[in-house]
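Notes follow the structure.
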Amino acid sequence: MTLMDTVTALILGFISIVLINNLVFSKFLGICPYLGVSGRIDMAFGMGLAVTFVVTMAGTLTWLIDHLVLMKFGLEVTRYVCFILVIAGAVQLVEMYLRKFFPSLYESFGIFLPLITTNCAILGLCLFLNLWEIDNFVRAVVLSFGAGIGFTMAICIMAGIRENLELADIPKSLKGAPITLITAGLLALAFMGFAGMIK
Amino acid sequence: MILSYPVLCVSLQQIWPAGAIMVGLGGSFALVLLIASIKLKVEVDPKIEQIQKALPGIDCGACGYAGCSSYAKAVAKNPELIGKCAPGGAATAAKIADILNLQVSSGGHPQRPVVHCNARTDDKTFYATYQGIESCTAANALANVQACKFGCLGFGDCVEACKFDALHIIDGLAIVDYEKCTGCTACSKACPRNLIEMVPFPQENIITVACSSKENGKTTRQMCKAGCIACGLCAKQSDMFVIAENLSKVDYQKYSDDEKVKTAMQKCPTKVIIRVGKNIEANAQPVEKTTSE
């Protein structure tokens with residue numbers, strides 16, 4: 001395989017995880033922060049960046065641990081525990097960093113920041129890397145990063161729509177959570193259109 | 001039992017690498033986090049911590065902030081907010097001022113809630129029996145269950161709001177226990193009829209008009225045996241009482257506890273001028289019923 005092929009494969013992988021196999025839209029992972037922190041677009045973007053950082057770090061580290069340690073010793077059963085350990089550590093790091101350099105963002109996240117630990121999109125991605133049999137380190141990194149970008153894109157689109165929904169005249173019974181869930185469903189439906197774009 | 005021994009043996013042999021790896025991973029992450037926590041340490045202003053210790057720590061929200069810790073942060077930045085802690089009162093304000101190297105002027109008297117209604121169940125008139133949700137807000141939405149639109153409904157939304165067990169419904173009327181009250185304003189916000197007013201208490205107990213009825217004297221009389229009929233006898237005795245909108249009110253700027261006011265209290269035909277606060281027992285009794293002709 002030439003260098004060109006590798007680069008093409010990487011770019012395709014990136015586009016595929018952002019648009020086609022988007023963790024939120026097609027796998028329905030990470031719905032909790034997707035609905036919880038998508039009230040305002042600046043907060044949603046901050047959340048997206050935090051998740052991107054954590055998922056890139058966690059995806060990379062877990063791939064390394066999985067391939068260099070767990071598979072060598074035949075300890076695949078401890079995958080979940082090890083992955084959660086990595087994610088929790090990464091979230092702690094992000095939390096300290098944000099508290100130091102972005103205190104206002106830290107305040108506005110509140111409980112959702114430590115809850116990135118339990119964001120299933122992140123653990124999901126780490127497990128998908130194994131499920132999809134990604135055996136190339138660079139590809140694992142690109143996919144992890146792409147997953148984060150995909151999440152950021154999803155949550156920002158949602159926040160943009162919800163900011164405009166504030167001004168819309170919604171039937172009383174649909175106000176709040178119902179219209180948000182309907183919006184999420186329609187968005188997911190729209191993104192189904194990308195399926196089949198890459199063969 | 002015969003089987004379990006070899007099974008245990010095998011699993012123990014398989015377990016140790018798993019354990020070792022978990023310990024190794026956990027240890028290395030702990031090390032990274034330890035270094036990060038030292039490098040990324042956030043210096044908190046020691047004054048904020050001191051102020052937080054000086055505050056009551058009940059997170060009542062009377063100051064307008066989410067809790068004591070956010071108020072502590074705000075007050076450290078902006079000392080103008082010093083007197084906002086109602087439960088802590090002057091003592092807390094002085095402590096905070098001390099921490100911030102400021103001097104606090106003795107600003108105002110402590111504010112305490114006063115229920116502007118004196119009607120017990122026996123005094124009230126009801127047009128219908130209310131069988132809905134046991135809450136003042138719900139009952140208030142339903143017009144005319146209780147004849148008086150201004151009277152205490154007695155379902156105890158204020159009791160629910162009070163964190164200090166300082167309010168009780170006695171005979172259909174909210175009574176404040178001033179020994180327990182901290183002046184946090186929760187009850188005055190909870191009352192759907194705005195009967196509970198925060199009032200400055202210059203002494204342990206004060207005289208007030210326990211009615212909010214803005215109906216004219218005749219209507220009030222028909223609806224309630226303990227309502228203010230705006231006869232004006234009190235206003236003739238002392239200029240502390242002001243009659244407006246068919247209701248006598250106390251002007252707290254002019255508050256005094258002199259003989260004139262006491263005479264006014266005695267002369268009030270419906271006995272709606274009462275003494276509230278600490279160390280009074282007499283007013284907890286139901287109002288003497290005035291004999292109608």
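In the structure tokens, chains take the letters A, B, ... in the order shown, each chain's residues start at 1, and ligands count up from 1 in the order shown.
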**Contact residues (chain A, partner chain B, 7 Å, only C-alpha atoms) as a PyMOL selection string** = chain A and resi 75+89+93+96-97+100
**Message:** as a VMD selection string, please: every residue in range 7-198 of chain A that DSSP puts in alpha helix (DSSP H).
**Reply:** chain A and resid 7 to 15 31 to 36 41 to 65 79 to 101 103 to 109 120 to 131 137 to 165 177 to 192
**Message:** So that I can see what lies close to Phe128 in chain A, please list as a list of chain:residue names the residues with an atom at most 12 Å from it, counting only C-alpha atoms and leaving out residues fewer than 5 positions away in the same chain.
**Reply:** A:Ile17, A:Asn21, A:Leu23, A:Lys27, A:Leu29, A:Gly59, A:Thr62, A:Trp63, A:Cys120, A:Ala121, A:Ile122, A:Leu123, A:Glu133, A:Ile134, A:Asp135, A:Ala140, A:Leu143, A:Ser144, A:Ala147
Keeping C-alpha atoms, export the residues of the selection given above as a JSON list (two decimals), in the first residue's frame.
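So the final result, stored in out.json, reads:
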```
[["chain", "number", "residue", "atom", "x", "y", "z"],
["A", 17, "ILE", "CA", -16.98, 8.47, 11.71],
["A", 21, "ASN", "CA", -21.11, 6.40, 11.74],
["A", 23, "LEU", "CA", -21.74, 8.12, 17.49],
["A", 27, "LYS", "CA", -25.18, 4.70, 17.34],
["A", 29, "LEU", "CA", -24.42, 7.05, 22.24],
["A", 59, "GLY", "CA", -9.15, 6.10, 22.37],
["A", 62, "THR", "CA", -6.95, 2.28, 25.33],
["A", 63, "TRP", "CA", -5.87, 1.09, 21.89],
["A", 120, "CYS", "CA", -21.11, 6.12, 26.77],
["A", 121, "ALA", "CA", -19.90, 7.65, 23.48],
["A", 122, "ILE", "CA", -16.35, 7.50, 24.83],
["A", 123, "LEU", "CA", -16.40, 3.94, 26.15],
["A", 133, "GLU", "CA", -10.66, -4.56, 14.25],
["A", 134, "ILE", "CA", -8.61, -1.42, 13.82],
["A", 135, "ASP", "CA", -5.05, -2.76, 13.93],
["A", 140, "ALA", "CA", -7.11, 4.44, 15.84],
["A", 143, "LEU", "CA", -10.95, 7.60, 14.41],
["A", 144, "SER", "CA", -10.88, 8.65, 18.07],
["A", 147, "ALA", "CA", -15.50, 10.60, 16.98]]
```
Pick out the residues sitting within 10 Å of Lys236 in chain B, and hand them over as an mmCIF file with N, CA and C atoms, in the first residue's frame; count only C-alpha atoms, and ignore anything fewer than 5 positions along from it in its own chain.
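The resulting file, out14.cif, is reproduced below:
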```cif
data_model
loop_
_atom_site.group_PDB
_atom_site.id
_atom_site.type_symbol
_atom_site.label_atom_id
_atom_site.label_comp_id
_atom_site.auth_asym_id
_atom_site.auth_seq_id
_atom_site.Cartn_x
_atom_site.Cartn_y
_atom_site.Cartn_z
ATOM 1 N N CYS B 231 -61.972 51.834 59.782
ATOM 2 C CA CYS B 231 -62.785 52.830 60.477
ATOM 3 C C CYS B 231 -61.972 54.081 60.789
ATOM 4 N N PHE B 241 -50.291 54.941 61.989
ATOM 5 C CA PHE B 241 -51.225 54.178 61.159
ATOM 6 C C PHE B 241 -51.681 55.033 59.987
ATOM 7 N N VAL B 242 -51.665 54.458 58.818
ATOM 8 C CA VAL B 242 -52.101 55.173 57.616
ATOM 9 C C VAL B 242 -53.239 54.376 56.991
ATOM 10 N N LYS B 260 -50.044 56.119 72.766
ATOM 11 C CA LYS B 260 -51.062 56.371 71.743
ATOM 12 C C LYS B 260 -51.331 55.101 70.939
ATOM 13 N N ALA B 264 -54.678 52.861 70.564
ATOM 14 C CA ALA B 264 -55.229 52.507 69.260
ATOM 15 C C ALA B 264 -55.490 51.015 69.177
#
```
**Request:** Within 12 Å of Tyr252 in chain B, counting only C-alpha atoms, which residues show up once you throw out same-chain ones fewer than 4 positions away? Write them as a PyMOL selection string, please.
**Result:** chain B and resi 108-109+111+197-202+206-209+239-242+256-257
Residue selection dump (C-alpha atoms) as a short mmCIF file (atom, residue, chain, number, x, y, z; two decimals), in the first residue's frame:
```cif
data_model
loop_
_atom_site.label_atom_id
_atom_site.label_comp_id
_atom_site.auth_asym_id
_atom_site.auth_seq_id
_atom_site.Cartn_x
_atom_site.Cartn_y
_atom_site.Cartn_z
CA GLY B 108 -31.29 48.88 59.84
CA HIS B 109 -33.04 46.43 62.07
CA GLN B 111 -36.23 41.93 59.01
CA GLU B 197 -44.35 40.95 54.50
CA MET B 198 -40.76 41.36 55.63
CA VAL B 199 -40.79 44.07 58.27
CA PRO B 200 -37.97 45.69 60.26
CA PHE B 201 -38.16 44.73 63.93
CA PRO B 202 -36.61 47.49 66.04
CA ILE B 206 -43.88 45.02 67.31
CA ILE B 207 -47.40 46.14 66.66
CA THR B 208 -48.87 45.52 63.26
CA VAL B 209 -52.15 45.44 61.37
CA ASP B 239 -49.95 58.95 62.88
CA MET B 240 -48.07 55.65 62.70
CA PHE B 241 -51.22 54.18 61.16
CA VAL B 242 -52.10 55.17 57.62
CA SER B 256 -42.96 53.81 67.93
CA ASP B 257 -44.36 51.82 70.79
#
```
Which residues of range 63-135 of chain A come within 10 Å of range 50-57 of chain A, and for each one, what is the closest pair of atoms and their distance in Å to one decimal, counting only C-alpha atoms, sorted by chain and residue number, as CSV?
```
residue,atom,partner,partner_atom,distance
A:Trp63,CA,A:Met57,CA,10.0
A:Val86,CA,A:Met57,CA,8.7
A:Ile87,CA,A:Val54,CA,7.0
A:Ala88,CA,A:Val54,CA,9.2
A:Gly89,CA,A:Val54,CA,9.3
A:Ala90,CA,A:Val54,CA,5.8
A:Val91,CA,A:Val54,CA,6.3
A:Gln92,CA,A:Val54,CA,9.7
A:Leu93,CA,A:Val54,CA,9.0
A:Val94,CA,A:Ala50,CA,7.0
A:Glu95,CA,A:Ala50,CA,9.0
A:Leu98,CA,A:Ala50,CA,9.0
A:Leu113,CA,A:Ala50,CA,8.3
A:Ile116,CA,A:Val51,CA,6.9
A:Thr117,CA,A:Val54,CA,8.9
A:Asn119,CA,A:Val51,CA,8.7
A:Ala121,CA,A:Val55,CA,8.3
A:Ile122,CA,A:Val55,CA,5.4
A:Leu123,CA,A:Val55,CA,8.4
A:Gly124,CA,A:Val55,CA,9.9
A:Leu125,CA,A:Val55,CA,7.8
A:Cys126,CA,A:Val55,CA,8.2
```
Please save N, CA and C atoms of the selected residues as a compact mmCIF listing (two decimals), in the first residue's frame.
```txt
# COMPACT_ATOMS: atom_id res chain seq x y z
N TRP A 63 -6.34 1.94 22.99
CA TRP A 63 -5.87 1.09 21.89
C TRP A 63 -4.50 0.53 22.23
N VAL A 86 -8.95 4.46 32.31
CA VAL A 86 -8.30 5.45 31.44
C VAL A 86 -9.19 6.68 31.27
N ILE A 87 -10.48 6.43 30.99
CA ILE A 87 -11.41 7.54 30.75
C ILE A 87 -11.54 8.41 31.99
N ALA A 88 -11.69 7.76 33.15
CA ALA A 88 -11.84 8.52 34.39
C ALA A 88 -10.62 9.39 34.63
N GLY A 89 -9.43 8.81 34.39
CA GLY A 89 -8.20 9.58 34.57
C GLY A 89 -8.16 10.78 33.64
N ALA A 90 -8.52 10.56 32.37
CA ALA A 90 -8.48 11.64 31.39
C ALA A 90 -9.46 12.75 31.77
N VAL A 91 -10.64 12.37 32.25
CA VAL A 91 -11.64 13.37 32.64
C VAL A 91 -11.12 14.20 33.81
N GLN A 92 -10.47 13.53 34.76
CA GLN A 92 -9.90 14.26 35.90
C GLN A 92 -8.92 15.32 35.41
N LEU A 93 -8.12 14.93 34.45
CA LEU A 93 -7.13 15.87 33.89
C LEU A 93 -7.82 17.07 33.27
N VAL A 94 -8.83 16.79 32.44
CA VAL A 94 -9.57 17.88 31.79
C VAL A 94 -10.18 18.80 32.84
N GLU A 95 -10.73 18.20 33.87
CA GLU A 95 -11.39 18.99 34.91
C GLU A 95 -10.40 19.95 35.56
N LEU A 98 -9.47 22.75 33.06
CA LEU A 98 -10.52 23.74 32.88
C LEU A 98 -10.65 24.64 34.09
N LEU A 113 -19.44 17.93 33.60
CA LEU A 113 -18.01 17.71 33.34
C LEU A 113 -17.54 16.37 33.90
N ILE A 116 -18.64 13.27 32.03
CA ILE A 116 -18.03 12.79 30.79
C ILE A 116 -17.49 11.37 31.01
N THR A 117 -17.08 11.11 32.26
CA THR A 117 -16.59 9.77 32.60
C THR A 117 -17.60 8.71 32.19
N ASN A 119 -19.94 9.11 29.97
CA ASN A 119 -20.45 9.33 28.63
C ASN A 119 -20.21 8.07 27.81
N ALA A 121 -20.53 7.47 24.78
CA ALA A 121 -19.90 7.65 23.48
C ALA A 121 -18.41 7.32 23.58
N ILE A 122 -17.79 7.68 24.69
CA ILE A 122 -16.35 7.50 24.83
C ILE A 122 -15.99 6.03 25.01
N LEU A 123 -16.65 5.38 25.97
CA LEU A 123 -16.40 3.94 26.15
C LEU A 123 -16.80 3.19 24.89
N GLY A 124 -17.90 3.66 24.27
CA GLY A 124 -18.37 3.02 23.04
C GLY A 124 -17.30 3.05 21.96
N LEU A 125 -16.69 4.23 21.78
CA LEU A 125 -15.66 4.37 20.75
C LEU A 125 -14.49 3.44 21.04
N CYS A 126 -14.06 3.41 22.31
CA CYS A 126 -12.92 2.57 22.68
C CYS A 126 -13.22 1.11 22.36
```
**Item:** Separation of CA of Gly64 in chain B from CA of Thr185 in chain B, in Å and rounded to one decimal
**Value:**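 Pair CA of Gly64 in chain B / CA of Thr185 in chain B returns 10.6 Å.
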**Message:** List as a list in words the protein and nucleic acid residues near range 172-176 of chain B, meaning an atom at most 8 Å away when only C-alpha atoms are counted, but skip any in the same chain fewer than 3 places from it.
**Reply:**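 Listing them by chain and then by number gives Pro113, Val114, Val115, Cys117, Asn118, Ala119, Arg120, Thr121, Cys152, Leu153, Gly154, Phe155, Gly156, Cys158, Val159, Ala166, Leu167, His168, Ile169 and Cys181 of chain B.
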**Prompt:** What gap, in Å, lies between CA of Ala139 in chain B and CA of Glu215 in chain B?
**Reply:**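 Interatomic distance, CA of Ala139 in chain B to CA of Glu215 in chain B: 20.0 Å.
Minimum atom-to-atom distance to Asp177 in chain B, evaluated using only C-alpha atoms, belongs to B:Ile280 out of B:Ala74, B:Ile280, B:Ala244, B:Cys228.
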**Request:** Give the answer as one residue: which of B:Tyr178, B:Ile243, B:Cys224, B:Lys84 has the shortest atom-to-atom distance to Val276 in chain B, using only C-alpha atoms?
**Result:**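 Residue with the minimum atom-to-atom distance to Val276 in chain B: B:Tyr178.
Checking A:Val142, A:Val18, A:Leu187, A:Met4 one by one against Ile161 in chain A, counting only C-alpha atoms, you find the shortest gap at A:Leu187.
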**Prompt:** Any idea what the distance is between CA of Thr180 in chain A and CA of Met158 in chain A?
**Reply:**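 So the answer is 8.6 Å.
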